[in-house]
Structure formats: structure tokens, C-alpha cells
$ cat work-v2.pdb   # PDB, C-alpha atoms
ATOM      1  CA  MET A   1      59.974  83.584  78.123  1.00  0.00           C
ATOM      2  CA  GLU A   2      57.629  86.086  79.753  1.00  0.00           C
ATOM      3  CA  THR A   3      58.448  84.640  83.181  1.00  0.00           C
ATOM      4  CA  LEU A   4      62.160  85.155  82.590  1.00  0.00           C
ATOM      5  CA  ILE A   5      61.665  88.712  81.353  1.00  0.00           C
ATOM      6  CA  ASP A   6      59.484  89.530  84.374  1.00  0.00           C
ATOM      7  CA  ALA A   7      62.122  88.220  86.817  1.00  0.00           C
ATOM      8  CA  GLU A   8      63.462  90.671  89.396  1.00  0.00           C
ATOM      9  CA  SER A   9      66.953  90.730  87.936  1.00  0.00           C
ATOM     10  CA  TRP A  10      68.354  89.874  84.564  1.00  0.00           C
ATOM     11  CA  TYR A  11      71.295  91.082  82.520  1.00  0.00           C
ATOM     12  CA  VAL A  12      71.757  92.253  78.963  1.00  0.00           C
ATOM     13  CA  LEU A  13      74.911  91.974  76.900  1.00  0.00           C
ATOM     14  CA  ASP A  14      74.406  94.292  73.972  1.00  0.00           C
ATOM     15  CA  PHE A  15      76.574  95.835  71.282  1.00  0.00           C
ATOM     16  CA  ILE A  16      74.628  99.078  71.470  1.00  0.00           C
ATOM     17  CA  PRO A  17      73.981 100.336  74.998  1.00  0.00           C
ATOM     18  CA  PHE A  18      70.431 101.425  75.787  1.00  0.00           C
ATOM     19  CA  GLN A  19      71.741 104.919  76.553  1.00  0.00           C
ATOM     20  CA  PRO A  20      75.209 105.477  75.059  1.00  0.00           C
ATOM     21  CA  GLN A  21      77.184 107.778  77.364  1.00  0.00           C
ATOM     22  CA  GLY A  22      80.280 108.556  75.332  1.00  0.00           C
ATOM     23  CA  ALA A  23      80.271 111.179  72.608  1.00  0.00           C
ATOM     24  CA  ASP A  24      82.474 108.894  70.497  1.00  0.00           C
ATOM     25  CA  PHE A  25      80.077 105.946  70.450  1.00  0.00           C
ATOM     26  CA  LEU A  26      78.750 106.602  66.914  1.00  0.00           C
ATOM     27  CA  GLU A  27      82.313 106.961  65.668  1.00  0.00           C
ATOM     28  CA  TYR A  28      83.133 103.604  67.298  1.00  0.00           C
ATOM     29  CA  GLU A  29      80.087 102.011  65.656  1.00  0.00           C
ATOM     30  CA  ARG A  30      81.154 103.346  62.230  1.00  0.00           C
ATOM     31  CA  PHE A  31      84.673 102.012  62.874  1.00  0.00           C
ATOM     32  CA  LEU A  32      83.316  98.507  63.517  1.00  0.00           C
ATOM     33  CA  GLU A  33      81.297  98.598  60.309  1.00  0.00           C
ATOM     34  CA  THR A  34      84.343  99.275  58.111  1.00  0.00           C
ATOM     35  CA  GLY A  35      86.846  96.756  56.800  1.00  0.00           C
ATOM     36  CA  ASP A  36      87.032  93.392  58.515  1.00  0.00           C
ATOM     37  CA  TYR A  37      86.369  94.796  61.986  1.00  0.00           C
ATOM     38  CA  ILE A  38      82.686  93.823  62.105  1.00  0.00           C
ATOM     39  CA  GLU A  39      83.517  90.228  61.157  1.00  0.00           C
ATOM     40  CA  ASP A  40      86.170  90.005  63.887  1.00  0.00           C
ATOM     41  CA  PHE A  41      83.719  91.577  66.334  1.00  0.00           C
ATOM     42  CA  ALA A  42      80.992  89.096  65.321  1.00  0.00           C
ATOM     43  CA  LYS A  43      83.345  86.148  65.882  1.00  0.00           C
ATOM     44  CA  ARG A  44      84.146  87.382  69.383  1.00  0.00           C
ATOM     45  CA  ILE A  45      80.475  87.918  70.254  1.00  0.00           C
ATOM     46  CA  CYS A  46      79.637  84.432  68.930  1.00  0.00           C
ATOM     47  CA  PHE A  47      82.395  82.954  71.087  1.00  0.00           C
ATOM     48  CA  ILE A  48      81.126  84.743  74.209  1.00  0.00           C
ATOM     49  CA  ALA A  49      77.465  83.856  73.553  1.00  0.00           C
ATOM     50  CA  LEU A  50      78.093  80.175  72.872  1.00  0.00           C
ATOM     51  CA  THR A  51      80.463  79.862  75.827  1.00  0.00           C
ATOM     52  CA  LEU A  52      77.737  81.257  78.095  1.00  0.00           C
ATOM     53  CA  VAL A  53      75.158  78.905  76.569  1.00  0.00           C
ATOM     54  CA  ALA A  54      77.465  75.916  77.064  1.00  0.00           C
ATOM     55  CA  GLU A  55      78.456  76.834  80.625  1.00  0.00           C
ATOM     56  CA  TYR A  56      75.106  78.055  81.971  1.00  0.00           C
ATOM     57  CA  GLU A  57      72.018  76.252  80.733  1.00  0.00           C
ATOM     58  CA  ALA A  58      70.207  78.661  78.472  1.00  0.00           C
ATOM     59  CA  GLU A  59      66.475  78.386  78.960  1.00  0.00           C
ATOM     60  CA  VAL A  60      65.505  80.153  75.752  1.00  0.00           C
ATOM     61  CA  ILE A  61      67.382  81.442  72.720  1.00  0.00           C
ATOM     62  CA  CYS A  62      65.247  83.378  70.278  1.00  0.00           C
ATOM     63  CA  LEU A  63      65.424  85.989  67.563  1.00  0.00           C
ATOM     64  CA  THR A  64      63.515  89.222  67.458  1.00  0.00           C
ATOM     65  CA  GLU A  65      61.115  89.327  64.595  1.00  0.00           C
ATOM     66  CA  SER A  66      62.680  90.854  61.505  1.00  0.00           C
ATOM     67  CA  GLU A  67      61.216  90.205  58.094  1.00  0.00           C
ATOM     68  CA  ALA A  68      64.627  90.615  56.446  1.00  0.00           C
ATOM     69  CA  PHE A  69      66.171  87.921  58.629  1.00  0.00           C
ATOM     70  CA  PHE A  70      63.344  85.447  58.133  1.00  0.00           C
ATOM     71  CA  ASP A  71      63.418  86.090  54.367  1.00  0.00           C
ATOM     72  CA  ILE A  72      67.047  84.914  54.408  1.00  0.00           C
ATOM     73  CA  HIS A  73      66.380  82.090  56.908  1.00  0.00           C
ATOM     74  CA  PRO A  74      62.841  80.876  56.154  1.00  0.00           C
ATOM     75  CA  GLU A  75      63.442  77.612  58.058  1.00  0.00           C
ATOM     76  CA  LEU A  76      63.508  79.537  61.341  1.00  0.00           C
ATOM     77  CA  LYS A  77      60.238  80.577  62.890  1.00  0.00           C
ATOM     78  CA  PRO A  78      59.828  83.852  64.808  1.00  0.00           C
ATOM     79  CA  GLY A  79      59.734  83.225  68.548  1.00  0.00           C
ATOM     80  CA  GLU A  80      60.994  79.635  68.232  1.00  0.00           C
ATOM     81  CA  ASN A  81      63.413  78.409  70.921  1.00  0.00           C
ATOM     82  CA  LEU A  82      66.704  77.847  69.095  1.00  0.00           C
ATOM     83  CA  ARG A  83      68.392  76.149  72.057  1.00  0.00           C
ATOM     84  CA  GLN A  84      68.123  72.714  70.426  1.00  0.00           C
ATOM     85  CA  LEU A  85      70.177  73.754  67.391  1.00  0.00           C
ATOM     86  CA  SER A  86      73.793  72.663  67.054  1.00  0.00           C
ATOM     87  CA  TYR A  87      76.524  75.058  68.159  1.00  0.00           C
ATOM     88  CA  GLU A  88      77.597  75.388  64.522  1.00  0.00           C
ATOM     89  CA  ARG A  89      74.102  76.502  63.510  1.00  0.00           C
ATOM     90  CA  LEU A  90      73.773  78.897  66.464  1.00  0.00           C
ATOM     91  CA  TRP A  91      77.167  80.386  65.601  1.00  0.00           C
ATOM     92  CA  ALA A  92      76.082  80.926  61.985  1.00  0.00           C
ATOM     93  CA  ILE A  93      72.812  82.581  63.029  1.00  0.00           C
ATOM     94  CA  ILE A  94      74.396  84.919  65.599  1.00  0.00           C
ATOM     95  CA  TYR A  95      77.211  85.809  63.195  1.00  0.00           C
ATOM     96  CA  ASP A  96      74.731  86.578  60.415  1.00  0.00           C
ATOM     97  CA  VAL A  97      72.615  88.742  62.707  1.00  0.00           C
ATOM     98  CA  ILE A  98      75.629  90.829  63.792  1.00  0.00           C
ATOM     99  CA  VAL A  99      77.324  91.219  60.414  1.00  0.00           C
ATOM    100  CA  ASN A 100      74.154  91.971  58.466  1.00  0.00           C
ATOM    101  CA  GLU A 101      72.245  93.825  61.224  1.00  0.00           C
ATOM    102  CA  LEU A 102      69.140  91.795  60.453  1.00  0.00           C
ATOM    103  CA  SER A 103      67.674  91.113  63.857  1.00  0.00           C
ATOM    104  CA  SER A 104      68.836  90.446  67.407  1.00  0.00           C
ATOM    105  CA  VAL A 105      69.410  87.333  69.466  1.00  0.00           C
ATOM    106  CA  HIS A 106      68.041  87.007  72.992  1.00  0.00           C
ATOM    107  CA  ILE A 107      69.467  84.383  75.344  1.00  0.00           C
ATOM    108  CA  PHE A 108      67.654  83.835  78.644  1.00  0.00           C
ATOM    109  CA  PHE A 109      69.051  81.929  81.601  1.00  0.00           C
ATOM    110  CA  ALA A 110      66.742  80.640  84.331  1.00  0.00           C
ATOM    111  CA  LYS A 111      69.486  80.447  86.967  1.00  0.00           C
ATOM    112  CA  LYS A 112      71.644  83.276  88.238  1.00  0.00           C
ATOM    113  CA  ILE A 113      75.029  83.450  86.539  1.00  0.00           C
ATOM    114  CA  CYS A 114      77.919  84.130  88.906  1.00  0.00           C
ATOM    115  CA  TRP A 115      80.588  86.279  87.331  1.00  0.00           C
TER     116      TRP A 115
END

$ encode --input "work-v2.pdb" --output "C-alpha cells"
Amino acid sequence: METLIDAESWYVLDFIPFQPQGADFLEYERFLETGDYIEDFAKRICFIALTLVAEYEAEVICLTESEAFFDIHPELKPGENLRQLSYERLWAIIYDVIVNELSSVHIFFAKKICW
């Protein structure tokens, strides 16, 4: 994983930008957290993530360490490569992370992805 992180170029798809530019970003975040919006959002992110993993060989899929997440999912080990899990299980994990804000999922690709 360190080799992939140290690569010259890599891309991040994140719900929260590193440096939000718009003044309305916090309002947008609050909007997503109300009603069923966050669940719809999570389903779309899961679809995008798993489509990328299926189309472009993911080298590593891991979770950031969060005690709350691993309390709920004790069968998962921090830093473990989750790439070998079924798509159903990956979907459930990513969905849970987004809806419950427990952790984050990192997906690393060894080869350049052409958009």
C-alpha cells in the first residue's frame, strides 16, 4: 500500500473535499444527512466504487482504523486487504461506512485508470 500511496500520481474520490470551496458545502452535507438522502447517496457511491473495482483491478481495498467500525464489524481486521471479499460484502461495508460515518474506505489501483 505504501508503494501505491508514494506513486507520482493517484486520484481520490471523496464525499468531503480536502478543501471545500463553496460556502454552501456544509448546508449540502446537512441536506444529505436528513431523510433518505444519505441512503440514496450511499447506494450511488457503492455502485461507483464497485464498478471501478470490477472494471479496473483494485490492488488494495482497506478501511481506515476506527474503533467504532471495528466494534460493529469485529471480523474485519484494520489494514486488511478486503479485495477478496464478495461484491455483496464490499457493498455492505461501504454502505455502512457512508451511512453511519464510521470510517473510510480506500481503494488503490496499481494501473492508471483512463477516464

$ closest_residue --input "work-v2.pdb" --among "A:Val97, A:Val53, A:Val60, A:Ala23" --to "A:Leu82" --atoms "all atoms listed in the file"
A:Val60

$ closest_residue --input "work-v2.pdb" --among "A:Glu65, A:Glu33, A:Asp40, A:Glu57" --to "A:Val105" --atoms "all atoms listed in the file"
A:Glu65

$ atom_distance --input "work-v2.pdb" --atom1 "atom CA of A:Ala68" --atom2 "atom CA of A:Glu39"
19.5 Å

$ residues_around --input "work-v2.pdb" --residues "A:Ser104" --least-positions-apart "2" --cutoff "7 Å" --atoms "only C-alpha atoms" --output "list of chain:residue names"
A:Leu63, A:Thr64, A:Val97, A:His106

$ resolve_selection --input "work-v2.pdb" --expression "the PyMOL selection byres ((chain A and resi 84) around 12)" --output "ChimeraX atom specification"
/A:53-54,57-62,80-83,85-90

$ atom_distance --input "work-v2.pdb" --atom1 "atom CA of A:Ala92" --atom2 "atom CA of A:Thr34"
20.5 Å

$ atom_distance --input "work-v2.pdb" --atom1 "atom CA of A:Asp71" --atom2 "atom CA of A:Tyr28"
29.4 Å

$ closest_atom_pairs --input "work-v2.pdb" --of "stretch 60-106 of chain A" --to "stretch 42-45 of chain A" --cutoff "10 Å" --atoms "only C-alpha atoms" --output "JSON lines"
{"residue": "A:Trp91", "atom": "CA", "partner": "A:Lys43", "partner_atom": "CA", "distance": 8.5}
{"residue": "A:Ala92", "atom": "CA", "partner": "A:Lys43", "partner_atom": "CA", "distance": 9.8}
{"residue": "A:Ile94", "atom": "CA", "partner": "A:Ala42", "partner_atom": "CA", "distance": 7.8}
{"residue": "A:Tyr95", "atom": "CA", "partner": "A:Ala42", "partner_atom": "CA", "distance": 5.4}
{"residue": "A:Asp96", "atom": "CA", "partner": "A:Ala42", "partner_atom": "CA", "distance": 8.3}
{"residue": "A:Val97", "atom": "CA", "partner": "A:Ala42", "partner_atom": "CA", "distance": 8.8}
{"residue": "A:Ile98", "atom": "CA", "partner": "A:Ala42", "partner_atom": "CA", "distance": 5.8}
{"residue": "A:Val99", "atom": "CA", "partner": "A:Ala42", "partner_atom": "CA", "distance": 6.5}

$ write_last_selection --input "work-v2.pdb" --atoms "C-alpha atoms" --output "compact mmCIF listing (two decimals), in the coordinates of the input"
# COMPACT_ATOMS: atom_id res chain seq x y z
CA TRP A 91 77.17 80.39 65.60
CA ALA A 92 76.08 80.93 61.98
CA ILE A 94 74.40 84.92 65.60
CA TYR A 95 77.21 85.81 63.20
CA ASP A 96 74.73 86.58 60.42
CA VAL A 97 72.61 88.74 62.71
CA ILE A 98 75.63 90.83 63.79
CA VAL A 99 77.32 91.22 60.41
